[in-house]
Structures are given as C-alpha cells and as structure tokens.
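Some notes on the structure that comes next.
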Amino acid sequence: MKALVFHGPGQTSWQDVPDPSVKDAADAVVRVDAVALCGTDLHIVKGDVPEVAPGRILGHEAVGTVVETGADVRGVRPGDRVLVSCISACGRCRFCREARYGQCRGGGGWVLGHLVDGTQAEYVRVPFADLSVHPLPATLADHEAVLFADIFPTAYEVGVLSGGVRPGDTVAVVGAGPVGLAVIATARLFSPFRIIAVDLAASRLEAARRLGADATATAREEPERLVADLTDGLGADVVMEAVGLPEAFELCTRMVRPGGRVANIGVHGKPAVLHLEDLWIKDVTLTTGLVDTHSTPMLLRMAAAGRLPGAALVTHRFTLDRMEEAYDVFSRAGDTGALKVVLGGPQHDTVALPPREQ
C-alpha cells in the first residue's frame, strides 16, 4: 500500500510500505476512506515530538471500513464503517478504568502516528479495536465524521470541560485554527455570555464569527485591551490556548480574571514562561491535558443531529495520492486559508493481507 512516512525533521514521503495485518487478537485492520491532517502532524514534521521515530507512518484521524478483525474483537466486524479514534485504550489499566484513555498504560493512549504506524495511509492497523473505533451513523459523511476522531473531542474535553465553561461566562480562545473553532462550537453548548476569538489570520477570525464568536481580535490588535474593555477590566472567566506557542500561552495568562481558568490545549515544542510573580495572588487555575475521547460517542450523536458544524471546518479536500500537496497547503494556512484538510480515495475493493501465523 501507499502511506506517508516520516524520515526525520522536515522529511516525509508518500511511498510504498507493507500492508498492515492483525498482530494481536484485539486488533482491527481498517481501509482508510477519509483521513485528516492535524496541527500535531506539523509539529512532528518540524521535529517537536522526538518520540516519533524515522520510518513511522503519520496520522491519527480517520474514517474507514473494517476489513479484518482479531479473534477477540466483538464490537465491529468486516464491512462496518467506523471512526478511528486518535486515542487507543486497552480498557484494563487504572487510567482506562477511570475513562482517562489518553493516559493508558496498557499499550494505548496516543499511539497512532506516534508510537505505532498511523492513519495517513491506504490501510491502518488499529490496536484495541473494541474501544478505539466507533461505528458511524449513515447520516454523517466521511469528511465530516473524521473531525470527531480528534479535534472535536480535544476541543470539548481539554478546552471546554477542563476550562469549566459555565452559562454566563466570558470565554476567550487564543488560536482560531480547527481546534479553536471546535472550542467555539462546543463552548456554545454551555450558553456562555460572550466568546472572544484571537488569531493572526483574518480568514480564521471570519470563520470564528461564522461559528459563533461574538468578538474577534488579531494578535496585533491588543486583545488584552479588548478583553479588559468587554469585562469592565476584570478579564475573561475562561481562556483557552489553542496554538502551542509560548507567546500564546503567556497571552492567555494575562487575559484571565482573578479566580478564572486557563486551559492549555495546544501542543508545545518549546518552554513557556509561567509568570508566577503575577499569578500567585490571582487564584488562577491552569490545566493541561491530552484528550481522552470519552466524549466521542456523545459528540457523534450531536453531529448526527445537526447540533455541531463539522463540515463547516473543512476547507480543502484531496485524494490520498495528493498527500504531499495537502501537507503543503495545510502548512501554509496563512496563505491558503486552510482550516481542516481532508483526504480520501481512491479506494481499493480488496486488500492483500499476509497469512496469520498459526
């Protein structure tokens, strides 16, 4: 099959690789019908995630069709259309029993495209399939459903839930990329008083307004003053960092009110300064986290009911064989206006799998 292979910082290629096969009784092999590019993938290509070894197939978001399952898999069978979650869960360790699947110590967590081969390929082996894939309703198109593999549960769990958004809150979101936009969409489920979006790109701020932001500012337009003006100098109740840059995090800590919450969502490749000399007296709560995806079934139901605007975030679509072009478009989002880039097809009717060892 073909797959996107990481060869070291700044080096990837769409190339021939061996077809995946069932290695464990809990595995499923899934034909990839749609796959999305993520900002985390860009961090990996830049070299910000050193755990990703050269030779790794990238990607952790996909929609596909099950083509083979291990002997222990009970929840899906060949022919089922499924969402491949960005998080795999063994279901047995302490953290999985607490529904904190992102911290799985039994071989799961964020492994796809990180510690094992990922989804930016024609086929993918998914470990712990019963807890790591989700059957999809027919009403959700592939290019919409794939957004619920990562960005929507990440936005909702690491941003909205960790940030403790409540009715009447003023919420500020720094970064209006795909995750930041998903934060705006899911925060609205809790009836905040006002949502303020901050970004460098005018096109992304326009998207934020379409999805429900009440006020916007570029990073050059003194967003701290805007937040202060809109809150009578108090600051935002909840501020979320959805960029992954030190200056974005530090901006968040300056915009939060005393007793407020800062939820860091972005993937950081460099240290950020924590100004405790200013924050120690403000009773500010700071949270970080990797998504657990415990909310994925609920979010899929909301999407199927039309309550979440998944398709609105997809700006570019390519066939799988244009993977390198798609990465170029996604990496130059400031020029191309790219939000979420989704690839799919052409599809094969069959996959040649090697015989299982007896």
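Labels for the structure tokens follow display order: chains A, B, ..., residues from 1 in each chain, ligands from 1.
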Item to check | Picked from segment 98-196 of chain A by DSSP as strand (DSSP E), as a VMD selection string | outcome: chain A and resid 123 to 126 133 to 135 170 to 174 194 to 196
Checklist entry - Any idea what's packed within 6 Å of segment 103-112 of chain A, counting only C-alpha atoms, ignoring anything in its chain fewer than 2 positions away? Could you give it as a list in words? => result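 The residues satisfying every condition are His60, Ile87, Ser88, Ala89, Cys90, Cys93, Phe95, Cys96, Arg100, Tyr101, His114, Leu115, Val116, Asp117 and Gly118 of chain A.
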Based on the selection just made, write N, CA, C and O atoms of those residues as a PDB file, in the first residue's frame.
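Contents of part.pdb, freshly written:
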```
ATOM      1  N   HIS A  60      -3.396  10.263  12.822  1.00  0.00           N
ATOM      2  CA  HIS A  60      -4.133   9.684  13.948  1.00  0.00           C
ATOM      3  C   HIS A  60      -5.631   9.960  13.854  1.00  0.00           C
ATOM      4  O   HIS A  60      -6.342   9.831  14.843  1.00  0.00           O
ATOM      5  N   ILE A  87      -7.128   8.214  19.949  1.00  0.00           N
ATOM      6  CA  ILE A  87      -6.655   7.594  21.183  1.00  0.00           C
ATOM      7  C   ILE A  87      -7.057   6.122  21.193  1.00  0.00           C
ATOM      8  O   ILE A  87      -8.199   5.779  20.880  1.00  0.00           O
ATOM      9  N   SER A  88      -6.113   5.270  21.554  1.00  0.00           N
ATOM     10  CA  SER A  88      -6.382   3.840  21.712  1.00  0.00           C
ATOM     11  C   SER A  88      -6.437   3.527  23.208  1.00  0.00           C
ATOM     12  O   SER A  88      -5.712   4.133  23.994  1.00  0.00           O
ATOM     13  N   ALA A  89      -7.286   2.569  23.581  1.00  0.00           N
ATOM     14  CA  ALA A  89      -7.490   2.286  25.002  1.00  0.00           C
ATOM     15  C   ALA A  89      -7.476   0.792  25.263  1.00  0.00           C
ATOM     16  O   ALA A  89      -8.259   0.052  24.662  1.00  0.00           O
ATOM     17  N   CYS A  90      -6.607   0.369  26.178  1.00  0.00           N
ATOM     18  CA  CYS A  90      -6.540  -1.057  26.496  1.00  0.00           C
ATOM     19  C   CYS A  90      -7.777  -1.516  27.258  1.00  0.00           C
ATOM     20  O   CYS A  90      -8.163  -2.684  27.187  1.00  0.00           O
ATOM     21  N   CYS A  93      -6.188  -0.939  32.286  1.00  0.00           N
ATOM     22  CA  CYS A  93      -5.285  -0.270  33.231  1.00  0.00           C
ATOM     23  C   CYS A  93      -6.064   0.709  34.116  1.00  0.00           C
ATOM     24  O   CYS A  93      -7.248   0.993  33.887  1.00  0.00           O
ATOM     25  N   PHE A  95      -5.941   3.933  34.382  1.00  0.00           N
ATOM     26  CA  PHE A  95      -6.452   5.137  33.739  1.00  0.00           C
ATOM     27  C   PHE A  95      -7.628   4.830  32.820  1.00  0.00           C
ATOM     28  O   PHE A  95      -8.587   5.608  32.751  1.00  0.00           O
ATOM     29  N   CYS A  96      -7.588   3.710  32.111  1.00  0.00           N
ATOM     30  CA  CYS A  96      -8.733   3.347  31.277  1.00  0.00           C
ATOM     31  C   CYS A  96      -9.972   3.106  32.126  1.00  0.00           C
ATOM     32  O   CYS A  96     -11.089   3.457  31.732  1.00  0.00           O
ATOM     33  N   ARG A 100      -9.834   7.753  31.459  1.00  0.00           N
ATOM     34  CA  ARG A 100      -8.751   8.659  31.082  1.00  0.00           C
ATOM     35  C   ARG A 100      -7.869   7.931  30.066  1.00  0.00           C
ATOM     36  O   ARG A 100      -6.700   7.645  30.301  1.00  0.00           O
ATOM     37  N   TYR A 101      -8.456   7.655  28.928  1.00  0.00           N
ATOM     38  CA  TYR A 101      -7.809   6.801  27.927  1.00  0.00           C
ATOM     39  C   TYR A 101      -6.520   7.407  27.371  1.00  0.00           C
ATOM     40  O   TYR A 101      -5.629   6.667  26.952  1.00  0.00           O
ATOM     41  N   HIS A 114       2.371   7.986  16.187  1.00  0.00           N
ATOM     42  CA  HIS A 114       3.249   8.471  17.236  1.00  0.00           C
ATOM     43  C   HIS A 114       4.222   7.361  17.629  1.00  0.00           C
ATOM     44  O   HIS A 114       5.426   7.445  17.355  1.00  0.00           O
ATOM     45  N   LEU A 115       3.675   6.296  18.213  1.00  0.00           N
ATOM     46  CA  LEU A 115       4.490   5.155  18.622  1.00  0.00           C
ATOM     47  C   LEU A 115       4.267   3.929  17.751  1.00  0.00           C
ATOM     48  O   LEU A 115       5.071   2.999  17.784  1.00  0.00           O
ATOM     49  N   VAL A 116       3.158   3.893  17.001  1.00  0.00           N
ATOM     50  CA  VAL A 116       2.901   2.843  16.008  1.00  0.00           C
ATOM     51  C   VAL A 116       2.438   3.524  14.734  1.00  0.00           C
ATOM     52  O   VAL A 116       2.092   4.711  14.726  1.00  0.00           O
ATOM     53  N   ASP A 117       2.424   2.772  13.635  1.00  0.00           N
ATOM     54  CA  ASP A 117       2.055   3.357  12.347  1.00  0.00           C
ATOM     55  C   ASP A 117       0.619   3.879  12.374  1.00  0.00           C
ATOM     56  O   ASP A 117      -0.283   3.268  12.963  1.00  0.00           O
ATOM     57  N   GLY A 118       0.434   5.021  11.697  1.00  0.00           N
ATOM     58  CA  GLY A 118      -0.818   5.741  11.779  1.00  0.00           C
ATOM     59  C   GLY A 118      -1.714   5.632  10.567  1.00  0.00           C
ATOM     60  O   GLY A 118      -1.613   4.699   9.756  1.00  0.00           O
TER      61      GLY A 118
END
```
Checklist entry - Which one of A:Ala208, A:Ala176, A:Ile151, A:Val45 sits closest to Ser295 of chain A if you count only C-alpha atoms? => result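 Comparing A:Ala208, A:Ala176, A:Ile151, A:Val45 against Ser295 of chain A, the winner is A:Ile151.
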Next on the checklist: Using only C-alpha atoms, which protein or nucleic acid residues come within 9 Å of segment 139-143 of chain A? Drop anything in the same chain fewer than 5 positions from it, and give the result as a ChimeraX atom specification.
Outcome noted: /A:33-36,62-64,83,300,303-305,310-311,314,317,342-344
Cut-off 9 Å: closest segment 129-204 of chain A/segment 262-280 of chain A atom pairs per residue, using only C-alpha atoms, as a Markdown table:
```
| residue | atom | partner | partner_atom | distance |
| --- | --- | --- | --- | --- |
| A:Thr154 | CA | A:Ile265 | CA | 7.6 |
| A:Ala155 | CA | A:Ile265 | CA | 7.5 |
| A:Val158 | CA | A:Ile265 | CA | 6.0 |
| A:Gly159 | CA | A:Ala263 | CA | 5.7 |
| A:Val160 | CA | A:Ala263 | CA | 8.1 |
| A:Ser162 | CA | A:Ala263 | CA | 6.4 |
| A:Gly163 | CA | A:Ala263 | CA | 5.2 |
| A:Gly164 | CA | A:Ala263 | CA | 9.0 |
| A:Gly175 | CA | A:Gly266 | CA | 8.9 |
| A:Val179 | CA | A:Ile265 | CA | 8.4 |
| A:Gly180 | CA | A:Ile265 | CA | 8.9 |
```
Write the selection just made, keeping N, CA and C atoms, as a CSV table (one decimal), in the first residue's frame?
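Result file is again.csv:
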```
chain,number,residue,atom,x,y,z
A,154,THR,N,-11.0,16.8,21.5
A,154,THR,CA,-9.9,17.6,22.1
A,154,THR,C,-10.5,19.0,22.5
A,155,ALA,N,-11.2,19.6,21.7
A,155,ALA,CA,-11.7,21.0,22.0
A,155,ALA,C,-12.7,20.9,23.2
A,158,VAL,N,-10.4,18.9,26.6
A,158,VAL,CA,-9.3,19.6,27.1
A,158,VAL,C,-9.5,21.1,27.2
A,159,GLY,N,-10.4,21.6,26.4
A,159,GLY,CA,-10.8,23.0,26.4
A,159,GLY,C,-12.0,23.3,27.3
A,160,VAL,N,-13.2,22.9,26.8
A,160,VAL,CA,-14.4,23.4,27.4
A,160,VAL,C,-14.6,22.7,28.8
A,162,SER,N,-12.3,21.0,30.7
A,162,SER,CA,-11.2,21.3,31.7
A,162,SER,C,-11.3,22.8,32.1
A,163,GLY,N,-11.7,23.7,31.2
A,163,GLY,CA,-11.8,25.1,31.5
A,163,GLY,C,-13.1,25.4,32.3
A,164,GLY,N,-13.9,24.5,32.5
A,164,GLY,CA,-15.1,24.7,33.3
A,164,GLY,C,-16.1,25.7,32.8
A,175,GLY,N,-6.2,31.4,19.3
A,175,GLY,CA,-6.0,30.4,18.2
A,175,GLY,C,-7.3,30.0,17.6
A,179,VAL,N,-9.0,23.4,16.0
A,179,VAL,CA,-9.3,23.1,17.4
A,179,VAL,C,-10.0,24.3,18.0
A,180,GLY,N,-9.4,25.5,17.8
A,180,GLY,CA,-10.0,26.7,18.4
A,180,GLY,C,-11.4,26.9,17.9
```
Item to check | All residues 8 Å or closer to Ile184 of chain A, only C-alpha atoms, same chain fewer than 2 positions away omitted, as a PyMOL selection string | outcome: chain A and resi 173+180-182+186-188+195+208+211-213
Near Glu222 of chain A, within 12 Å and counting only C-alpha atoms, which residues show up once chain neighbours fewer than 2 positions away are dropped, as a PDB file with C-alpha atoms, in the first residue's frame?
```pdb
ATOM      1  CA  VAL A 198      -7.903  35.828  18.865  1.00  0.00           C
ATOM      2  CA  ASP A 199      -5.768  34.850  15.877  1.00  0.00           C
ATOM      3  CA  LEU A 200      -3.231  36.254  13.437  1.00  0.00           C
ATOM      4  CA  THR A 216     -12.573  38.945  17.493  1.00  0.00           C
ATOM      5  CA  ALA A 217      -9.126  40.494  17.503  1.00  0.00           C
ATOM      6  CA  THR A 218      -5.885  39.820  15.743  1.00  0.00           C
ATOM      7  CA  ALA A 219      -2.852  39.256  17.927  1.00  0.00           C
ATOM      8  CA  ARG A 220      -1.641  42.693  16.790  1.00  0.00           C
ATOM      9  CA  GLU A 224      -5.780  42.084  26.214  1.00  0.00           C
ATOM     10  CA  ARG A 225      -7.330  45.530  25.996  1.00  0.00           C
ATOM     11  CA  LEU A 226     -10.360  44.157  24.134  1.00  0.00           C
ATOM     12  CA  VAL A 227     -10.956  41.559  26.839  1.00  0.00           C
ATOM     13  CA  ALA A 228     -10.497  44.195  29.535  1.00  0.00           C
ATOM     14  CA  ASP A 229     -12.901  46.602  27.812  1.00  0.00           C
ATOM     15  CA  LEU A 251      -1.122  35.990  26.498  1.00  0.00           C
ATOM     16  CA  ARG A 254      -2.631  37.888  31.105  1.00  0.00           C
ATOM     17  CA  MET A 255      -6.248  37.863  29.920  1.00  0.00           C
TER      18      MET A 255
END
```
Item to check | Separation of atom CA of Arg261 of chain A from atom CA of Arg204 of chain A, in Å and rounded to one decimal | outcome: 24.0 Å
Next on the checklist: Need the shell around Trp14 of chain A: protein/DNA/RNA residues with any atom at most 12 Å away, counting only C-alpha atoms. Skip same-chain ones fewer than 3 positions apart. Format as a PyMOL selection string?
Outcome noted: chain A and resi 1-7+11+17+55-58+120-122+320-327
Next on the checklist: Please extract the residues of segment 264-356 of chain A with a backbone DSSP assignment of alpha helix (DSSP H) and present them as a PyMOL selection string.
Outcome noted: chain A and resi 276-279+296-304+323-331+333-336
Emit the selected residues as a PDB file, in the first residue's frame, including C-alpha atoms.
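File part12.pdb, as written:
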```pdb
ATOM      1  CA  LEU A 276       4.007  33.224  38.947  1.00  0.00           C
ATOM      2  CA  GLU A 277       5.120  36.618  40.212  1.00  0.00           C
ATOM      3  CA  ASP A 278       1.825  37.917  38.757  1.00  0.00           C
ATOM      4  CA  LEU A 279      -0.361  34.833  39.003  1.00  0.00           C
ATOM      5  CA  THR A 296     -16.680  10.833  21.242  1.00  0.00           C
ATOM      6  CA  PRO A 297     -19.935   8.813  21.221  1.00  0.00           C
ATOM      7  CA  MET A 298     -21.890  11.784  22.569  1.00  0.00           C
ATOM      8  CA  LEU A 299     -20.290  14.207  20.115  1.00  0.00           C
ATOM      9  CA  LEU A 300     -21.082  11.870  17.213  1.00  0.00           C
ATOM     10  CA  ARG A 301     -24.734  11.827  18.296  1.00  0.00           C
ATOM     11  CA  MET A 302     -24.747  15.612  18.437  1.00  0.00           C
ATOM     12  CA  ALA A 303     -23.194  15.825  14.984  1.00  0.00           C
ATOM     13  CA  ALA A 304     -25.706  13.366  13.525  1.00  0.00           C
ATOM     14  CA  MET A 323      -0.895  13.751   0.415  1.00  0.00           C
ATOM     15  CA  GLU A 324       2.263  15.807  -0.040  1.00  0.00           C
ATOM     16  CA  GLU A 325       0.350  18.588  -1.800  1.00  0.00           C
ATOM     17  CA  ALA A 326      -2.219  18.560   1.016  1.00  0.00           C
ATOM     18  CA  TYR A 327       0.556  18.953   3.611  1.00  0.00           C
ATOM     19  CA  ASP A 328       1.941  21.923   1.703  1.00  0.00           C
ATOM     20  CA  VAL A 329      -1.474  23.619   1.632  1.00  0.00           C
ATOM     21  CA  PHE A 330      -2.075  22.883   5.322  1.00  0.00           C
ATOM     22  CA  SER A 331       1.363  24.080   6.421  1.00  0.00           C
ATOM     23  CA  ALA A 333      -2.600  28.100   6.221  1.00  0.00           C
ATOM     24  CA  GLY A 334      -1.909  31.817   6.470  1.00  0.00           C
ATOM     25  CA  ASP A 335      -1.621  31.992   2.672  1.00  0.00           C
ATOM     26  CA  THR A 336      -4.077  29.266   1.652  1.00  0.00           C
TER      27      THR A 336
END
```
Item to check | Nearest to Thr12 of chain A by atom-to-atom distance, counting only C-alpha atoms, from A:Ile44, A:Val165, A:Leu308, A:Cys38 | outcome: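 Selected residue with least distance to Thr12 of chain A: A:Ile44.
Separating atom CA of Ala197 of chain A from atom CA of Glu157 of chain A is a distance of 18.6 Å.
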Next on the checklist: Applying 8 Å and only C-alpha atoms, which residues near Gly168 of chain A remain after dropping the ones on its own chain fewer than 5 positions away? List them as a count of residues only.
Outcome noted: 4
Checklist entry - Interatomic distance between atom CA of Val66 of chain A and atom CA of Arg31 of chain A? => result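 Going from atom CA of Val66 of chain A over to atom CA of Arg31 of chain A covers 6.2 Å.
Each of A:Ala172, A:Ala26, A:Glu98, A:Gly59 was compared to Leu131 of chain A using only C-alpha atoms, and A:Ala26 turns out to be the nearest.
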Checklist entry - For Cys252 of chain A, which residue among A:Pro20, A:Pro223, A:Pro309, A:Gly289 is the nearest when counting only C-alpha atoms? => result A:Pro223
